[in-house]
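Student: Following this message is one structure expressed as structure tokens.
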Amino acid sequence: MKLSKLSALAVTTALCAPSAFAEEMANELTLVSWGGAYQASQHKAYVEPYLAQNPDVKIIWDESSAEAVAKIRAMNEAGNVTWDLVDVVASDSMRLCDEGLAEELDHDEVLAEAPDGTSASEDFGDLIVSDCFVPQIVYSTTFGYRTDLIDQPDSVCAIFDTEKYPGKRSLQKRPIDNMEWALYCDGVAKDEIYDVLGTDEGVDRALAKLDTIKDQVVWWTAGAETPQLLADGEVVMGSTFNGRLFSAIAEQNQPIGMLWDMQSFDLDGWIVPAGLPADRKARVMDFLKFATDTQRLADQAAYISYGPARASSAPLVGKHAELGIDMAPHMPTDPANAGNVHSYDYEWWADNRDDLDAKFQAWLAK
């Protein structure tokens with residue numbers, strides 16, 4: 001994913017059209033997301049306006065996106081898929097699509113055009129990384145730090161420098177990002193990271209680097225954990241999603257700074273679980289078309305600092321809905337924040353995630 005493409009992104013709208021799948025639609029939807037500030041932004045930007053237009057519909061939130069792949073596999077095996085629309089990262093959408101557990105979509109058929117008539121597939125462009133994936137946002141995983149407890153770090157490698165920056169750190173309990181940062185801070189060039197990580201020696205090298213701070217790490221599974229750990233002073237720095245840090249800094253006035261160096265760009269979006277009954281699928285498609293139009297994605301950027309995935313949305317990104325501050329400088333794609341970024345390899349992780357997960361969990365258990 002190229003930075004030039006990302007920097008053009010933001011958010012916009014088109015009116016919801018009748019579903020092409022069925023006249024009868026279920027009146028209850030179970031949406032799966034990540035909780036916290038991000039889910040709140042989804043609720044405000046597109047769930048509330050959808051419910052205003054469809055007052056008979058009931059929407060239930062489930063905050064299990066971090067476990068989406070495992071749970072969808074289990075539901076499919078049991079023959080009881082209870083989720084209707086699931087928010088996942090791009091690499092997980094590719095895994096679910098490859099396994100036949102997510103619906104393949106004709107994006108131009110099921111999604112709204114841009115206001116100027118540009119097709120959905122052109123408007124989303126190369127952010128449609130899977131036939132099953134509908135992108136919502138561009139975000140990054142980066143680091144926050146306590147401004148009153150440590151000096152301002154200027155490199156992601158500060159996470160491994162416990163002498164200059166003493167104190168606990170928080171890292172996500174998964175190999176993604178941690179393995180790449182470990183190799184980068186062990187001297188591997190950015191453009192060679194995945195070549196090295198694709199070898200047993202490279203995996204061992206990354207884990208050995210992480211071993212140097214293992215006893216100083218608090219492992220997190222939900223994006224809201226690091227901001228809370230930072231606010232409570234339980235860690236002095238930690239990784240999380242840039243929007244969660246924005247919320248802690250701008251909305252809660254916490255003594256937290258943001259480190260953009262080697263921020264890891266990623267995509268987040270919807271998948272539709274395979275095999276839904278016709279009435280549920282019809283309601284899902286109706287909501288999906290509404291929730292991913294130009295205006296709705298632009299509206300989301302008024303609540304959280306994630307770049308919308310539609311090019312047509314970018315000109316509509318304005319000020320924070322409550323604070324009144326310009327949101328553009330707080331986006332991970334802003335040039336001032338994107339001097340040294342990590343380009344996440346979706347296909348590599350889709351192919352290697354299960355194997356690396358097993359090795360990472362075995363390392364954690366040692």
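Order determines the names: the first chain of the structure tokens is A, the second B, and so forth; residues in each chain are numbered 1 upward, and ligands are numbered 1 upward as they are shown.
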Identify all residues of range 133-323 of chain A in helix (DSSP H, G or I) (DSSP on the backbone) and supply them as number ranges by chain.

Tutor: A: 156-160, 178-185, 190-197, 200-211, 214-216, 225-231, 242-251, 278-291, 294-300, 311-316

Student: Env of Pro255 in chain A: 9 Å cut, atoms = only C-alpha atoms, seq-sep filter 5 positions within chain, self excluded. Answer as number ranges by chain.

Tutor: A: 145-148, 230-231, 248-249

Student: So which residues touch Lys190 in chain A within 12 Å, counting only C-alpha atoms, skipping near sequence neighbours fewer than 4 positions away, as a list in words?

Tutor: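 The neighbour list is Glu180, Trp181, Ala182, Leu183, Tyr184, Cys185, Asp186, Tyr194, Asp195, Val196, Leu197, Met262, Ser264, Asn340, Val341, His342, Ser343, Tyr344 and Asp345 of chain A.
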
Student: For range 96-101 of chain A, work out the shell of residues within 9 Å, counting only C-alpha atoms and skipping chain neighbours fewer than 2 positions away, then give it as a list in words.

Tutor: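 The contact residues come out as Val69, Ile72, Arg73, Asn76, Ser91, Asp92, Ser93, Met94, Glu103, Glu104, Ser130, Asp131, Cys132, Phe133, Ile271, Val272, Pro273, Ala274 and Gly275 of chain A.
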
Student: Would you mind exporting N, CA and C atoms of the selected residues as a PDB file, in the first residue's frame?

Tutor:
```pdb
ATOM      1  N   VAL A  69     -11.294 -14.463  13.604  1.00  0.00           N
ATOM      2  CA  VAL A  69     -10.979 -15.627  12.767  1.00  0.00           C
ATOM      3  C   VAL A  69     -11.302 -16.922  13.501  1.00  0.00           C
ATOM      4  N   ILE A  72     -15.203 -17.284  13.979  1.00  0.00           N
ATOM      5  CA  ILE A  72     -15.943 -17.582  12.752  1.00  0.00           C
ATOM      6  C   ILE A  72     -15.659 -19.017  12.311  1.00  0.00           C
ATOM      7  N   ARG A  73     -14.415 -19.459  12.463  1.00  0.00           N
ATOM      8  CA  ARG A  73     -14.109 -20.860  12.156  1.00  0.00           C
ATOM      9  C   ARG A  73     -14.956 -21.790  13.024  1.00  0.00           C
ATOM     10  N   ASN A  76     -18.674 -21.711  12.010  1.00  0.00           N
ATOM     11  CA  ASN A  76     -18.890 -22.422  10.759  1.00  0.00           C
ATOM     12  C   ASN A  76     -18.853 -23.931  10.979  1.00  0.00           C
ATOM     13  N   SER A  91      -5.531  -8.435   6.703  1.00  0.00           N
ATOM     14  CA  SER A  91      -4.962  -9.779   6.565  1.00  0.00           C
ATOM     15  C   SER A  91      -5.927 -10.854   7.052  1.00  0.00           C
ATOM     16  N   ASP A  92      -6.732 -10.549   8.067  1.00  0.00           N
ATOM     17  CA  ASP A  92      -7.724 -11.518   8.533  1.00  0.00           C
ATOM     18  C   ASP A  92      -8.842 -11.695   7.514  1.00  0.00           C
ATOM     19  N   SER A  93      -9.185 -10.619   6.814  1.00  0.00           N
ATOM     20  CA  SER A  93     -10.203 -10.750   5.766  1.00  0.00           C
ATOM     21  C   SER A  93      -9.709 -11.680   4.662  1.00  0.00           C
ATOM     22  N   MET A  94      -8.439 -11.613   4.353  1.00  0.00           N
ATOM     23  CA  MET A  94      -7.866 -12.469   3.321  1.00  0.00           C
ATOM     24  C   MET A  94      -7.877 -13.932   3.752  1.00  0.00           C
ATOM     25  N   GLU A 103     -18.122 -13.932   2.614  1.00  0.00           N
ATOM     26  CA  GLU A 103     -18.754 -13.791   1.304  1.00  0.00           C
ATOM     27  C   GLU A 103     -17.868 -13.013   0.339  1.00  0.00           C
ATOM     28  N   GLU A 104     -17.743 -13.501  -0.884  1.00  0.00           N
ATOM     29  CA  GLU A 104     -17.137 -12.698  -1.939  1.00  0.00           C
ATOM     30  C   GLU A 104     -18.178 -11.695  -2.422  1.00  0.00           C
ATOM     31  N   SER A 130      -9.012  -7.733  -0.825  1.00  0.00           N
ATOM     32  CA  SER A 130      -9.622  -9.054  -0.886  1.00  0.00           C
ATOM     33  C   SER A 130     -11.010  -8.919  -1.493  1.00  0.00           C
ATOM     34  N   ASP A 131     -11.460  -9.949  -2.213  1.00  0.00           N
ATOM     35  CA  ASP A 131     -12.808  -9.933  -2.787  1.00  0.00           C
ATOM     36  C   ASP A 131     -13.885  -9.916  -1.715  1.00  0.00           C
ATOM     37  N   CYS A 132     -13.514 -10.240  -0.479  1.00  0.00           N
ATOM     38  CA  CYS A 132     -14.480 -10.294   0.615  1.00  0.00           C
ATOM     39  C   CYS A 132     -14.448  -9.058   1.505  1.00  0.00           C
ATOM     40  N   PHE A 133     -13.560  -8.113   1.225  1.00  0.00           N
ATOM     41  CA  PHE A 133     -13.237  -7.030   2.166  1.00  0.00           C
ATOM     42  C   PHE A 133     -13.806  -5.695   1.699  1.00  0.00           C
ATOM     43  N   ILE A 271     -16.291  -7.666   6.803  1.00  0.00           N
ATOM     44  CA  ILE A 271     -16.562  -8.870   6.019  1.00  0.00           C
ATOM     45  C   ILE A 271     -17.947  -9.375   6.413  1.00  0.00           C
ATOM     46  N   VAL A 272     -18.594 -10.049   5.450  1.00  0.00           N
ATOM     47  CA  VAL A 272     -19.898 -10.664   5.692  1.00  0.00           C
ATOM     48  C   VAL A 272     -19.671 -12.166   5.842  1.00  0.00           C
ATOM     49  N   PRO A 273     -19.986 -12.743   6.991  1.00  0.00           N
ATOM     50  CA  PRO A 273     -19.798 -14.187   7.143  1.00  0.00           C
ATOM     51  C   PRO A 273     -20.563 -14.959   6.070  1.00  0.00           C
ATOM     52  N   ALA A 274     -19.964 -16.025   5.589  1.00  0.00           N
ATOM     53  CA  ALA A 274     -20.600 -16.832   4.553  1.00  0.00           C
ATOM     54  C   ALA A 274     -21.803 -17.587   5.120  1.00  0.00           C
ATOM     55  N   GLY A 275     -22.807 -17.784   4.262  1.00  0.00           N
ATOM     56  CA  GLY A 275     -23.914 -18.659   4.598  1.00  0.00           C
ATOM     57  C   GLY A 275     -25.036 -18.062   5.409  1.00  0.00           C
TER      58      GLY A 275
END
```

Student: DSSP on the backbone: what in range 125-353 of chain A comes out strand (DSSP E), as a PyMOL selection string?

Tutor: chain A and resi 134-146+169-172+217-220+237-241+256-271+307-308+341-342

Student: Between A:Ile137, A:Ile150, A:Ile256, A:Val47, which is the closest to Ser313 in chain A once you count only C-alpha atoms?

Tutor: A:Ile137

Student: Rank A:Gly167, A:Gly36, A:Pro315, A:Pro332 by their smallest atom-to-atom distance to Thr142 in chain A, using only C-alpha atoms, and report the top residue only.

Tutor: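 Nearest candidate to Thr142 in chain A out of A:Gly167, A:Gly36, A:Pro315, A:Pro332: A:Pro332.
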
Student: How close does range 278-311 of chain A get to range 120-124 of chain A? List, as a Markdown table, each residue of range 278-311 of chain A within 10 Å, its nearest atom pair and the distance in Å to one decimal, counting only C-alpha atoms.

Tutor:
```
| residue | atom | partner | partner_atom | distance |
| --- | --- | --- | --- | --- |
| A:Thr292 | CA | A:Ala120 | CA | 9.6 |
| A:Asp293 | CA | A:Ala120 | CA | 8.7 |
| A:Thr294 | CA | A:Asp123 | CA | 9.1 |
| A:Pro308 | CA | A:Phe124 | CA | 9.5 |
| A:Ala309 | CA | A:Phe124 | CA | 6.1 |
| A:Arg310 | CA | A:Phe124 | CA | 4.8 |
| A:Ala311 | CA | A:Asp123 | CA | 5.5 |
```

Student: Would you save the residues of that selection, restricted to C-alpha atoms, as a compact mmCIF listing (two decimals), in the first residue's frame?

Tutor:
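What landed in selection03.txt:
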```
# COMPACT_ATOMS: atom_id res chain seq x y z
CA THR A 292 -19.60 2.67 3.74
CA ASP A 293 -20.79 5.50 1.54
CA THR A 294 -18.72 8.65 1.11
CA PRO A 308 -11.37 7.10 5.61
CA ALA A 309 -10.82 4.47 2.95
CA ARG A 310 -12.69 6.26 0.14
CA ALA A 311 -10.82 8.84 -1.91
```

Student: Using only C-alpha atoms, which residues sit within 8 Å of Lys173 in chain A once same-chain residues fewer than 3 positions away are excluded, as a ChimeraX atom specification?

Tutor: /A:219-221

Student: A:Gln295, A:Gln252, A:Gln361, A:Thr333: which is nearest Ala112 in chain A, counting only C-alpha atoms?

Tutor: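 Looking at the shortest contact to Ala112 in chain A, the residue is A:Gln295.
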
Student: Between CA of Ala250 in chain A and CA of Asn178 in chain A, what is the distance, to one decimal in Å?

Tutor: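 We find that CA of Ala250 in chain A and CA of Asn178 in chain A lie 26.3 Å from each other.
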
Student: Between CA of Ser64 in chain A and CA of Phe290 in chain A, what is the spacing in Å?

Tutor: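 Interatomic distance here is 22.7 Å.
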
Student: Using only C-alpha atoms, which protein or nucleic acid residues come within 9 Å of Ile176 in chain A? Drop anything in the same chain fewer than 2 positions from it, and give the result as number ranges by chain.

Tutor: A: 172-174, 178-180, 349, 353, 356-357

Student: Counting only C-alpha atoms, which residue out of A:Leu316, A:Val129, A:Val32, A:Ala365 sits closest to Thr82 in chain A?

Tutor: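 That would be A:Val32, the residue with the smallest distance to Thr82 in chain A.
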
Student: Tell me which of A:His107, A:Arg280, A:Lys71, A:Lys209 sits closest to Leu85 in chain A, counting only C-alpha atoms.

Tutor: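 The closest residue to Leu85 in chain A is A:Arg280.
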
Student: Would you give me, as a tab-separated table, each residue of range 152-180 of chain A having an atom within 10 Å of an atom of range 235-241 of chain A, along with its shortest atom pair and that distance in Å to one decimal, using only C-alpha atoms and sorting by chain and residue number?

Tutor:
```
residue	atom	partner	partner_atom	distance
A:Pro153	CA	A:Met237	CA	9.6
A:Val156	CA	A:Ser239	CA	9.9
A:Ala158	CA	A:Met237	CA	9.1
A:Ile159	CA	A:Met237	CA	7.4
A:Tyr165	CA	A:Val236	CA	8.0
A:Pro166	CA	A:Val236	CA	7.8
A:Gly167	CA	A:Val236	CA	5.8
A:Lys168	CA	A:Val235	CA	4.5
A:Arg169	CA	A:Met237	CA	5.1
A:Ser170	CA	A:Gly238	CA	4.3
A:Leu171	CA	A:Ser239	CA	5.4
A:Gln172	CA	A:Ser239	CA	6.9
A:Asp177	CA	A:Ser239	CA	9.5
A:Asn178	CA	A:Ser239	CA	9.3
```
